[in-house]
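This is data-v1.cif. It holds mmCIF, C-alpha atoms.
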```cif
data_final
#
loop_
_atom_site.label_atom_id
_atom_site.label_comp_id
_atom_site.auth_asym_id
_atom_site.auth_seq_id
_atom_site.Cartn_x
_atom_site.Cartn_y
_atom_site.Cartn_z
CA MET A 22 -28.81 -21.61 -33.40
CA SER A 23 -26.47 -22.02 -30.44
CA TYR A 24 -26.57 -19.05 -28.07
CA ASP A 25 -23.50 -19.89 -26.10
CA ARG A 26 -20.65 -19.56 -28.55
CA ALA A 27 -17.90 -16.99 -28.64
CA ILE A 28 -19.74 -13.89 -27.50
CA THR A 29 -22.23 -13.15 -24.77
CA VAL A 30 -25.67 -12.79 -26.30
CA PHE A 31 -29.11 -13.47 -24.90
CA SER A 32 -30.67 -16.86 -25.37
CA PRO A 33 -34.36 -16.97 -26.35
CA ASP A 34 -35.40 -17.56 -22.74
CA GLY A 35 -33.50 -14.53 -21.48
CA HIS A 36 -30.31 -16.14 -20.19
CA LEU A 37 -26.73 -15.10 -20.74
CA ILE A 38 -25.38 -18.57 -21.23
CA GLN A 39 -21.71 -17.54 -21.22
CA VAL A 40 -22.16 -15.87 -17.84
CA GLU A 41 -23.82 -19.00 -16.49
CA TYR A 42 -20.96 -21.09 -17.81
CA ALA A 43 -18.59 -18.69 -16.05
CA LEU A 44 -20.48 -19.37 -12.82
CA GLU A 45 -19.93 -23.08 -13.47
CA ALA A 46 -16.20 -22.39 -13.75
CA VAL A 47 -16.37 -20.67 -10.37
CA LYS A 48 -18.07 -23.72 -8.90
CA LYS A 49 -15.07 -25.76 -9.95
CA GLY A 50 -12.64 -23.52 -8.07
CA THR A 51 -11.35 -24.13 -4.55
CA THR A 52 -13.54 -22.92 -1.72
CA ALA A 53 -13.21 -19.50 -0.16
CA VAL A 54 -15.12 -18.33 2.93
CA GLY A 55 -15.59 -14.90 4.43
CA VAL A 56 -17.11 -14.22 7.86
CA LYS A 57 -17.90 -10.89 9.46
CA GLY A 58 -17.63 -10.54 13.23
CA LYS A 59 -18.50 -7.60 15.47
CA GLU A 60 -15.18 -5.83 14.86
CA VAL A 61 -13.25 -8.29 12.75
CA LEU A 62 -13.27 -9.91 9.32
CA VAL A 63 -11.91 -13.36 8.61
CA LEU A 64 -11.17 -14.92 5.25
CA GLY A 65 -10.54 -18.61 4.87
CA VAL A 66 -9.46 -20.42 1.74
CA GLU A 67 -8.97 -23.98 0.68
CA LYS A 68 -5.61 -24.27 -0.93
CA LYS A 69 -5.23 -26.60 -3.85
CA SER A 70 -2.86 -29.35 -2.83
CA THR A 71 0.46 -28.41 -4.38
CA ALA A 72 2.53 -30.94 -6.26
CA LYS A 73 5.52 -32.36 -4.44
CA LEU A 74 8.06 -30.32 -6.34
CA GLN A 75 6.02 -27.10 -6.22
CA ASP A 76 6.82 -24.28 -3.81
CA PRO A 77 3.60 -23.82 -1.80
CA ARG A 78 4.42 -20.25 -0.87
CA THR A 79 3.92 -19.02 -4.41
CA VAL A 80 0.27 -20.04 -4.39
CA ARG A 81 -1.45 -17.24 -2.52
CA LYS A 82 -5.19 -16.95 -2.72
CA ILE A 83 -5.74 -14.16 -0.21
CA VAL A 84 -4.29 -10.94 -1.58
CA GLN A 85 -4.03 -7.33 -0.46
CA ILE A 86 -5.60 -4.77 -2.70
CA ASP A 87 -4.63 -1.79 -0.61
CA ASP A 88 -3.36 -1.31 2.92
CA HIS A 89 -6.88 -1.60 4.31
CA ILE A 90 -8.60 -3.91 1.82
CA CYS A 91 -8.15 -7.61 1.13
CA MET A 92 -9.77 -10.03 -1.21
CA THR A 93 -9.94 -13.65 -2.17
CA PHE A 94 -11.54 -15.40 -5.11
CA ALA A 95 -12.79 -18.69 -6.50
CA GLY A 96 -12.49 -19.78 -10.10
CA LEU A 97 -9.88 -19.21 -12.77
CA THR A 98 -6.71 -18.01 -11.03
CA ALA A 99 -5.33 -16.31 -14.11
CA ASP A 100 -8.55 -14.35 -14.58
CA SER A 101 -8.42 -13.26 -10.95
CA ARG A 102 -4.93 -11.86 -11.49
CA ILE A 103 -6.32 -9.39 -14.01
CA LEU A 104 -9.08 -8.27 -11.65
CA ILE A 105 -6.65 -7.96 -8.74
CA ASN A 106 -4.25 -5.86 -10.82
CA LYS A 107 -7.03 -3.56 -11.97
CA ALA A 108 -8.31 -3.22 -8.41
CA ARG A 109 -4.86 -2.41 -7.04
CA PHE A 110 -4.33 0.23 -9.70
CA GLU A 111 -7.76 1.72 -9.03
CA CYS A 112 -7.00 2.00 -5.30
CA GLN A 113 -3.84 4.02 -5.93
CA SER A 114 -5.54 6.05 -8.63
CA TYR A 115 -8.33 6.97 -6.21
CA LYS A 116 -5.80 8.05 -3.61
CA TYR A 117 -3.94 10.06 -6.24
CA TYR A 118 -7.02 12.09 -7.09
CA TYR A 119 -8.83 12.29 -3.77
CA GLU A 120 -6.05 11.88 -1.18
CA ASP A 121 -8.35 9.62 0.84
CA PRO A 122 -8.02 5.84 0.98
CA ILE A 123 -10.59 4.15 -1.23
CA GLY A 124 -13.89 2.99 0.26
CA ILE A 125 -14.67 -0.70 0.37
CA GLU A 126 -17.98 -0.30 -1.42
CA TYR A 127 -16.33 1.87 -4.04
CA ILE A 128 -13.74 -0.75 -4.93
CA THR A 129 -16.33 -3.53 -4.86
CA ARG A 130 -18.48 -1.57 -7.27
CA TYR A 131 -15.44 -1.03 -9.44
CA ILE A 132 -14.58 -4.74 -9.56
CA ALA A 133 -18.20 -5.66 -10.22
CA LYS A 134 -18.39 -2.99 -12.94
CA THR A 135 -15.32 -4.47 -14.59
CA GLN A 136 -16.81 -7.95 -14.49
CA GLN A 137 -20.05 -6.69 -16.02
CA LYS A 138 -18.17 -4.83 -18.76
CA TYR A 139 -16.76 -8.11 -19.96
CA THR A 140 -20.26 -9.56 -20.32
CA GLN A 141 -21.23 -6.82 -22.73
CA SER A 142 -18.15 -6.30 -24.87
CA VAL A 143 -17.07 -7.56 -28.24
CA GLY A 144 -14.62 -10.37 -28.51
CA VAL A 145 -14.16 -11.03 -24.82
CA ARG A 146 -15.51 -13.60 -22.42
CA PRO A 147 -16.66 -13.01 -18.83
CA PHE A 148 -14.20 -13.46 -15.96
CA GLY A 149 -14.52 -16.95 -14.52
CA VAL A 150 -14.07 -15.57 -11.01
CA SER A 151 -16.20 -14.72 -7.99
CA THR A 152 -14.55 -12.58 -5.36
CA LEU A 153 -14.91 -11.93 -1.64
CA ILE A 154 -13.73 -8.47 -0.62
CA VAL A 155 -13.20 -7.43 3.00
CA GLY A 156 -12.45 -4.11 4.59
CA TYR A 157 -13.83 -1.41 6.86
CA ASP A 158 -16.15 1.31 5.65
CA SER A 159 -15.78 5.00 6.36
CA LYS A 160 -17.75 4.68 9.60
CA GLY A 161 -15.45 1.92 10.82
CA PHE A 162 -17.82 -1.01 10.40
CA PRO A 163 -16.48 -4.27 8.99
CA LYS A 164 -17.85 -5.12 5.58
CA LEU A 165 -17.78 -8.28 3.46
CA TYR A 166 -18.74 -8.03 -0.19
CA GLN A 167 -19.12 -10.67 -2.86
CA THR A 168 -18.98 -10.24 -6.63
CA ASP A 169 -19.63 -12.78 -9.34
CA PRO A 170 -19.02 -13.12 -13.10
CA SER A 171 -22.32 -11.45 -13.95
CA GLY A 172 -21.23 -8.27 -12.23
CA ASN A 173 -23.62 -8.60 -9.32
CA PHE A 174 -22.38 -7.62 -5.92
CA SER A 175 -23.84 -7.57 -2.45
CA SER A 176 -22.83 -7.28 1.16
CA TRP A 177 -22.85 -10.39 3.35
CA LYS A 178 -22.55 -11.36 6.99
CA ALA A 179 -20.88 -14.57 5.92
CA SER A 180 -20.47 -16.09 2.51
CA CYS A 181 -18.80 -18.84 0.59
CA ILE A 182 -17.75 -19.29 -3.03
CA GLY A 183 -16.21 -22.18 -4.92
CA ARG A 184 -16.79 -25.87 -5.07
CA SER A 185 -18.16 -26.47 -1.58
CA GLU A 186 -20.40 -23.43 -1.64
CA LYS A 187 -23.63 -25.26 -0.82
CA PRO A 188 -22.62 -27.31 2.23
CA VAL A 189 -20.50 -24.50 3.68
CA LYS A 190 -23.27 -21.93 3.22
CA GLU A 191 -25.73 -24.26 4.92
CA PHE A 192 -23.28 -24.69 7.77
CA LEU A 193 -22.83 -20.92 8.07
CA GLU A 194 -26.56 -20.27 8.00
CA LYS A 195 -27.03 -22.72 10.82
CA ASN A 196 -24.17 -21.55 12.99
CA TYR A 197 -23.68 -17.84 12.31
CA VAL A 198 -24.54 -15.46 15.12
CA ASP A 199 -24.34 -11.69 15.04
CA GLU A 200 -21.64 -9.74 16.85
CA MET A 201 -19.11 -12.53 17.26
CA ASP A 202 -15.75 -11.67 18.74
CA GLU A 203 -12.48 -12.43 16.98
CA GLU A 204 -11.97 -15.88 18.46
CA GLN A 205 -15.51 -17.01 17.60
CA THR A 206 -15.26 -15.65 14.07
CA VAL A 207 -11.97 -17.42 13.42
CA ARG A 208 -13.31 -20.66 14.83
CA LEU A 209 -16.46 -20.49 12.71
CA THR A 210 -14.39 -19.88 9.58
CA ILE A 211 -12.06 -22.78 10.26
CA GLN A 212 -14.90 -25.07 11.24
CA SER A 213 -16.81 -24.32 8.05
CA LEU A 214 -13.79 -25.24 5.95
CA VAL A 215 -12.56 -28.25 7.86
CA GLU A 216 -15.66 -30.25 6.95
CA VAL A 217 -15.17 -29.83 3.24
CA VAL A 218 -11.44 -29.50 2.71
CA GLU A 219 -9.65 -32.74 1.98
CA SER A 220 -6.51 -33.49 4.00
CA GLY A 221 -7.43 -31.03 6.72
CA GLU A 222 -5.63 -28.06 8.13
CA LYS A 223 -2.55 -28.21 5.93
CA ASN A 224 -4.64 -26.98 3.03
CA ILE A 225 -6.40 -24.14 4.84
CA ASP A 226 -5.24 -20.53 4.90
CA ILE A 227 -6.85 -18.10 7.34
CA ALA A 228 -6.43 -14.34 7.23
CA ILE A 229 -7.69 -11.87 9.84
CA MET A 230 -8.47 -8.27 9.01
CA ARG A 231 -8.65 -6.01 12.05
CA LYS A 232 -9.55 -2.35 11.96
CA ASN A 233 -6.63 -0.05 11.10
CA LYS A 234 -4.21 -2.94 11.22
CA PRO A 235 -2.48 -4.79 8.41
CA ILE A 236 -3.84 -8.19 7.50
CA GLU A 237 -2.58 -11.09 9.59
CA PHE A 238 -2.24 -14.63 8.33
CA LEU A 239 -2.93 -17.16 11.05
CA GLY A 240 0.01 -19.41 11.73
CA ARG A 241 0.00 -23.07 10.81
CA THR A 242 0.31 -24.21 14.41
CA ARG A 243 -2.64 -22.14 15.57
CA ILE A 244 -4.86 -23.51 12.78
CA ALA A 245 -3.78 -27.03 13.64
CA GLU A 246 -4.60 -26.40 17.32
CA ILE A 247 -8.12 -25.22 16.54
CA VAL A 248 -8.76 -28.07 14.11
CA LYS A 249 -7.60 -30.55 16.73
CA GLU A 250 -10.05 -29.03 19.24
CA PHE A 251 -12.89 -29.52 16.76
CA GLU A 252 -11.94 -33.12 16.13
CA GLU A 253 -11.78 -33.87 19.84
CA GLU A 254 -15.15 -32.22 20.38
CA LYS A 255 -16.59 -34.26 17.52
CA LYS A 256 -15.21 -37.48 19.00
CA ARG A 257 -16.67 -36.60 22.38
CA LYS A 258 -20.10 -35.97 20.84
CA GLU A 259 -19.95 -39.26 18.96
CA GLU A 260 -19.03 -41.14 22.12
CA GLU A 261 -21.93 -39.54 23.94
CA ASP A 262 -24.28 -40.76 21.24
CA MET B 22 14.13 30.57 -3.39
CA ASP B 23 13.79 27.17 -1.79
CA SER B 24 16.70 25.81 0.14
CA LEU B 25 17.26 22.12 0.60
CA VAL B 26 20.30 20.60 2.26
CA GLY B 27 21.01 16.93 2.79
CA PHE B 28 23.78 14.50 3.63
CA VAL B 29 24.40 10.90 4.55
CA GLY B 30 25.68 9.95 8.00
CA LYS B 31 26.31 6.73 9.89
CA ASN B 32 23.17 4.69 9.22
CA TYR B 33 21.02 7.76 8.69
CA VAL B 34 20.27 10.51 6.23
CA LEU B 35 19.63 14.10 7.33
CA ILE B 36 17.61 16.39 5.10
CA ALA B 37 16.62 19.96 5.86
CA GLY B 38 14.37 22.29 3.95
CA ASP B 39 13.26 25.83 4.55
CA THR B 40 9.61 26.24 5.45
CA ASN B 41 8.77 29.19 3.24
CA ALA B 42 6.30 29.09 0.42
CA GLY B 43 6.01 32.26 -1.57
CA ARG B 44 5.18 33.91 -4.81
CA SER B 45 7.25 36.84 -6.08
CA ILE B 46 7.81 39.17 -3.13
CA MET B 47 5.10 37.68 -0.92
CA ARG B 48 5.56 34.91 1.64
CA LEU B 49 2.36 32.87 1.44
CA LYS B 50 3.18 30.30 4.10
CA ASP B 51 5.92 30.00 6.66
CA ASP B 52 5.27 26.47 7.85
CA PHE B 53 5.43 24.67 4.54
CA ASP B 54 6.80 21.13 4.75
CA LYS B 55 8.85 20.40 1.65
CA LEU B 56 10.14 17.07 2.87
CA VAL B 57 7.52 14.63 1.61
CA PRO B 58 7.57 10.98 2.73
CA ILE B 59 7.27 8.61 -0.21
CA ASP B 60 7.12 5.51 1.91
CA SER B 61 8.16 4.57 5.40
CA HIS B 62 11.87 5.09 4.75
CA LYS B 63 12.21 7.61 1.95
CA ILE B 64 11.82 11.34 1.68
CA LEU B 65 11.48 13.39 -1.46
CA ALA B 66 12.54 16.96 -0.75
CA LYS B 67 11.02 19.22 -3.37
CA SER B 68 11.91 22.70 -4.56
CA GLY B 69 10.66 24.82 -7.40
CA GLU B 70 7.11 25.42 -8.57
CA ILE B 71 4.78 24.50 -5.77
CA GLY B 72 2.04 23.09 -8.00
CA ASP B 73 4.45 20.99 -10.03
CA GLY B 74 6.07 19.76 -6.83
CA ASN B 75 2.72 18.65 -5.42
CA GLN B 76 1.61 16.88 -8.60
CA PHE B 77 4.93 15.23 -9.22
CA CYS B 78 5.42 14.02 -5.66
CA ASN B 79 1.87 12.65 -5.63
CA LEU B 80 2.60 10.75 -8.82
CA ILE B 81 5.76 9.20 -7.37
CA ILE B 82 4.11 8.33 -4.06
CA ARG B 83 1.15 6.59 -5.73
CA ASN B 84 3.33 4.58 -8.10
CA VAL B 85 5.68 3.53 -5.32
CA SER B 86 2.62 2.41 -3.30
CA LEU B 87 1.26 0.50 -6.27
CA TYR B 88 4.55 -1.31 -6.63
CA ARG B 89 4.50 -2.19 -2.93
CA ILE B 90 0.95 -3.57 -3.05
CA ARG B 91 1.54 -5.46 -6.29
CA ASN B 92 4.84 -7.03 -5.33
CA GLU B 93 4.53 -7.18 -1.54
CA THR B 94 7.96 -5.57 -1.18
CA GLU B 95 9.31 -2.05 -1.07
CA LEU B 96 11.48 -0.46 -3.72
CA THR B 97 15.06 0.45 -2.86
CA THR B 98 16.12 4.10 -2.78
CA LYS B 99 18.15 3.52 -5.93
CA SER B 100 15.13 2.19 -7.78
CA VAL B 101 12.94 5.07 -6.69
CA ALA B 102 15.63 7.51 -7.82
CA HIS B 103 15.78 5.87 -11.21
CA TYR B 104 12.02 5.79 -11.55
CA THR B 105 11.73 9.43 -10.53
CA ARG B 106 14.46 10.45 -12.95
CA ARG B 107 12.72 8.56 -15.74
CA GLN B 108 9.50 10.48 -15.07
CA LEU B 109 11.38 13.79 -15.14
CA ALA B 110 13.29 12.87 -18.28
CA THR B 111 10.23 11.88 -20.29
CA ALA B 112 8.43 14.99 -19.16
CA ILE B 113 11.14 17.55 -19.94
CA ARG B 114 10.48 17.62 -23.67
CA LYS B 115 6.71 17.31 -23.40
CA ASN B 116 5.27 18.82 -20.22
CA PRO B 117 8.17 19.66 -17.93
CA TYR B 118 7.88 19.56 -14.16
CA SER B 119 9.71 22.54 -12.68
CA VAL B 120 10.96 20.66 -9.65
CA ASN B 121 14.40 20.00 -8.29
CA LEU B 122 14.63 17.22 -5.75
CA LEU B 123 16.72 15.61 -3.12
CA LEU B 124 15.76 11.99 -2.53
CA GLY B 125 16.93 10.53 0.76
CA GLY B 126 16.28 6.96 1.80
CA TYR B 127 17.33 4.18 4.14
CA ASP B 128 17.50 0.62 2.81
CA LYS B 129 17.06 -2.09 5.42
CA LYS B 130 18.78 -4.61 3.20
CA ASP B 131 22.08 -2.73 3.01
CA GLN B 132 21.52 -0.98 6.35
CA LYS B 133 22.71 2.16 4.74
CA GLY B 134 21.31 5.57 3.93
CA SER B 135 21.63 7.11 0.50
CA LEU B 136 20.99 10.50 -1.05
CA TYR B 137 20.22 11.39 -4.65
CA TYR B 138 20.26 14.71 -6.45
CA LEU B 139 17.59 15.01 -9.15
CA ASP B 140 16.72 18.03 -11.20
CA TYR B 141 14.00 19.05 -13.58
CA LEU B 142 16.06 18.27 -16.69
CA GLY B 143 16.31 14.62 -15.72
CA SER B 144 19.70 14.60 -14.03
CA SER B 145 20.25 12.09 -11.30
CA LYS B 146 23.30 11.54 -9.18
CA LYS B 147 23.98 9.65 -6.03
CA ILE B 148 25.68 12.01 -3.62
CA ASN B 149 27.04 11.97 -0.08
CA TYR B 150 26.02 15.54 0.55
CA GLY B 151 24.35 18.23 -1.47
CA ALA B 152 21.81 20.98 -1.71
CA GLN B 153 19.17 22.45 -3.98
CA GLY B 154 18.31 26.07 -4.52
CA TYR B 155 20.32 29.08 -3.45
CA ALA B 156 21.54 27.15 -0.44
CA ALA B 157 23.74 25.15 -2.78
CA LEU B 158 25.84 28.24 -3.42
CA PHE B 159 26.70 28.60 0.24
CA VAL B 160 26.72 25.17 1.82
CA GLY B 161 28.74 23.42 -0.86
CA SER B 162 32.02 24.62 0.53
CA ILE B 163 31.04 23.98 4.13
CA LEU B 164 30.08 20.43 3.38
CA ASP B 165 33.19 19.94 1.26
CA ARG B 166 35.28 20.91 4.23
CA PHE B 167 33.46 19.35 7.17
CA TRP B 168 31.57 16.35 5.87
CA LYS B 169 33.15 13.02 6.74
CA GLU B 170 31.98 9.54 6.12
CA ASP B 171 30.02 7.92 8.98
CA LEU B 172 29.32 11.04 11.00
CA ASP B 173 27.54 10.43 14.29
CA PHE B 174 24.07 11.83 14.62
CA GLU B 175 25.13 14.63 16.99
CA ASP B 176 28.01 15.68 14.75
CA GLY B 177 25.74 15.46 11.73
CA LEU B 178 23.12 17.67 13.33
CA GLU B 179 25.82 20.19 14.27
CA LEU B 180 27.06 20.22 10.68
CA MET B 181 23.53 20.70 9.38
CA LYS B 182 22.96 23.64 11.68
CA LYS B 183 26.27 25.11 10.53
CA CYS B 184 25.01 24.93 6.96
CA LEU B 185 21.62 26.42 7.78
CA ARG B 186 23.25 29.22 9.74
CA GLU B 187 25.27 30.11 6.68
CA VAL B 188 22.18 30.09 4.47
CA GLU B 189 20.38 32.42 6.81
CA LYS B 190 23.38 34.71 7.10
CA ARG B 191 24.21 35.06 3.41
CA LEU B 192 20.94 34.69 1.54
CA ILE B 193 19.43 38.15 1.22
CA ILE B 194 15.90 36.76 1.09
CA GLY B 195 14.75 35.86 4.57
CA THR B 196 14.89 32.12 5.12
CA ARG B 197 14.91 31.88 8.87
CA CYS B 198 12.95 28.77 9.57
CA PHE B 199 14.07 25.28 8.61
CA LEU B 200 12.66 21.83 9.14
CA ILE B 201 15.18 19.03 9.67
CA LYS B 202 14.15 15.41 9.15
CA MET B 203 16.08 12.23 9.64
CA ILE B 204 15.70 8.82 8.01
CA ASN B 205 17.17 5.79 9.72
CA SER B 206 16.27 2.18 10.34
CA ASP B 207 13.26 3.25 12.40
CA GLY B 208 11.89 5.32 9.56
CA ILE B 209 11.30 9.02 9.14
CA SER B 210 11.39 11.39 12.10
CA VAL B 211 11.31 15.12 12.51
CA VAL B 212 14.51 16.11 14.24
CA GLU B 213 13.90 19.78 14.81
CA LYS B 214 12.21 22.83 13.49
CA VAL B 215 14.92 25.46 13.79
CA MET B 216 14.54 29.17 13.73
CA ILE B 217 17.78 30.96 13.02
CA ASN B 218 18.25 34.52 14.11
CA SER B 219 21.50 36.02 12.93
CA LYS B 220 21.13 38.94 15.31
CA ASN B 221 22.18 36.48 17.97
CA LYS B 222 25.15 35.65 15.83
CA ASN B 223 25.77 31.96 16.30
CA GLU B 224 22.77 31.13 18.44
CA ILE B 225 19.99 29.04 17.11
CA GLU B 226 16.60 28.91 18.80
CA GLU B 227 14.56 25.78 18.68
CA GLU B 228 10.95 26.19 17.74
CA ASN B 229 8.38 23.65 18.78
#
```

What is this structure when it is put down as structure tokens?
Amino acid sequence: MSYDRAITVFSPDGHLIQVEYALEAVKKGTTAVGVKGKEVLVLGVEKKSTAKLQDPRTVRKIVQIDDHICMTFAGLTADSRILINKARFECQSYKYYYEDPIGIEYITRYIAKTQQKYTQSVGVRPFGVSTLIVGYDSKGFPKLYQTDPSGNFSSWKASCIGRSEKPVKEFLEKNYVDEMDEEQTVRLTIQSLVEVVESGEKNIDIAIMRKNKPIEFLGRTRIAEIVKEFEEEKKRKEEED
Amino acid sequence: MDSLVGFVGKNYVLIAGDTNAGRSIMRLKDDFDKLVPIDSHKILAKSGEIGDGNQFCNLIIRNVSLYRIRNETELTTKSVAHYTRRQLATAIRKNPYSVNLLLGGYDKKDQKGSLYYLDYLGSSKKINYGAQGYAALFVGSILDRFWKEDLDFEDGLELMKKCLREVEKRLIIGTRCFLIKMINSDGISVVEKVMINSKNKNEIEEEN
């Protein structure tokens, strides 16, 4: 009997095949990277190259959930819309009842809970989305969380989801240092993406989340500058060898 | 027993509310701010049941925020007025909110201020000047006579104080202290907290 049709049930060897298929869908999505610095959080995404006639501004992968929380995702865009909507509603609902802005771990747990619910409900399939959520906790420390279709979530210093997850994660593991300042964090994020994104800086979006400030999207020219610096450094290294 | 007065001036809206909160014959609080900011450029001035006012204003604020986060743009004053009226209208025959409101807002797009009168039955009207509560009985005629379109800020403030003076003079229940807020292109600001003492006839002391 096939254990991967229609609903999420256990296979004989203890796997939830539908959830694993959902993770495969995530691996097909465009790359998203999150890096935590000493007092800053940076999100970087690979944008799918838009068709000639398409308006590129309507394709936004980094979204605001609340004034102080941002997230990005990899996987099925339409599925992510549902999660984002639910998260946004939950943030306002929390503020309605408790008057305080929602905590980053609270909203991550909520999103992860939602994803898990859909792995244990009748007639639905799991979300084909992994998310990276950034914000500052109640003590003012930057936090980066990742959720996946199974409903797992954990906090990371730097993480990557999507199609280039493996090479980018290896790069991050090699080059990440604790307590980076804003400039270093931004550079690390861009560098990790530049290697894997086809057609370079035009298809990279970088967003910086500073404490108590609204999210800032890095301008195209600045990204291009930094990418150029990397390329020149690379050329120099190659010439030395 | 609440008094709210508001009018539209040249690129601003002035709203004033008394700062009393009471129950029956007792004044519970004399520094109660009834002019609640809904977003950076809109104020909902509430009068009526205090609990209902709190709950209702919270509801409007959260839904306006949700719209802003979802759509990455702010609602216009007109839209907020319509939304608020809709909430009041659906509630009146189920679980009524005993609140009467003045909604003042500044829209960057039109570069104009606007004022709306909303009441607990689900009425809504865009007005140039108006009041809620007992104040409406007294300031209506003053505003009818002295309000002009595009009043300067100084003239507007003078007119507002004229209105508040009249409220203090004629309303038998003591409403001495008023909070005046202004909305303009820079957002919401507290203009003054005025304390009116009719013993000094036409003098108004400023309280800080």

At most 10 Å to chain B: residues in chain A, all atoms listed in the file, as a JSON list (two decimals) with C-alpha atoms, in the frame of the given file:
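Output saved as result-v2.json:
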```
[["chain", "number", "residue", "atom", "x", "y", "z"],
["A", 84, "VAL", "CA", -4.29, -10.94, -1.58],
["A", 85, "GLN", "CA", -4.03, -7.33, -0.46],
["A", 86, "ILE", "CA", -5.60, -4.77, -2.70],
["A", 87, "ASP", "CA", -4.63, -1.79, -0.61],
["A", 88, "ASP", "CA", -3.36, -1.31, 2.92],
["A", 105, "ILE", "CA", -6.65, -7.96, -8.74],
["A", 106, "ASN", "CA", -4.25, -5.86, -10.82],
["A", 109, "ARG", "CA", -4.86, -2.41, -7.04],
["A", 110, "PHE", "CA", -4.33, 0.23, -9.70],
["A", 111, "GLU", "CA", -7.76, 1.72, -9.03],
["A", 112, "CYS", "CA", -7.00, 2.00, -5.30],
["A", 113, "GLN", "CA", -3.84, 4.02, -5.93],
["A", 114, "SER", "CA", -5.54, 6.05, -8.63],
["A", 115, "TYR", "CA", -8.33, 6.97, -6.21],
["A", 116, "LYS", "CA", -5.80, 8.05, -3.61],
["A", 117, "TYR", "CA", -3.94, 10.06, -6.24],
["A", 118, "TYR", "CA", -7.02, 12.09, -7.09],
["A", 120, "GLU", "CA", -6.05, 11.88, -1.18]]
```

**Request:** Report the residues retrieved by the PyMOL selection byres ((chain A and resi 172-174) around 12) from the displayed file, expressed as a PyMOL selection string.
**Result:** chain A and resi 40-41+43-44+126-141+147-154+165-171+175-177

**Message:** To one decimal place in Å, what is the distance between CA of Gly183 (chain A) and CA of Thr94 (chain B)?
**Reply:**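 Going from CA of Gly183 (chain A) over to CA of Thr94 (chain B), I get 29.6 Å.
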
**Request:** Convert the output of the PyMOL selection byres ((chain B and resi 35) around 10) on the shown file into explicit residues, formatted as a list of chain:residue names.
**Result:**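 Selected by the PyMOL selection byres ((chain B and resi 35) around 10) in this file: B:Val26, B:Gly27, B:Phe28, B:Val29, B:Gly30, B:Tyr33, B:Val34, B:Ile36, B:Ala37, B:Gly125, B:Gly126, B:Gly134, B:Ser135, B:Leu136, B:Tyr150, B:Phe174, B:Gly177, B:Leu178, B:Met181, B:Ile201, B:Lys202, B:Met203, B:Ile204, B:Asn205, B:Ile209, B:Ser210, B:Val211, B:Val212.
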
**Asked** What is the distance between CA of Asn149 (chain B) and CA of Asn75 (chain B), in Å to one decimal?
**Response** 25.8 Å

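Separating CA of Phe159 (chain B) from CA of Glu189 (chain B) is a distance of 9.9 Å.
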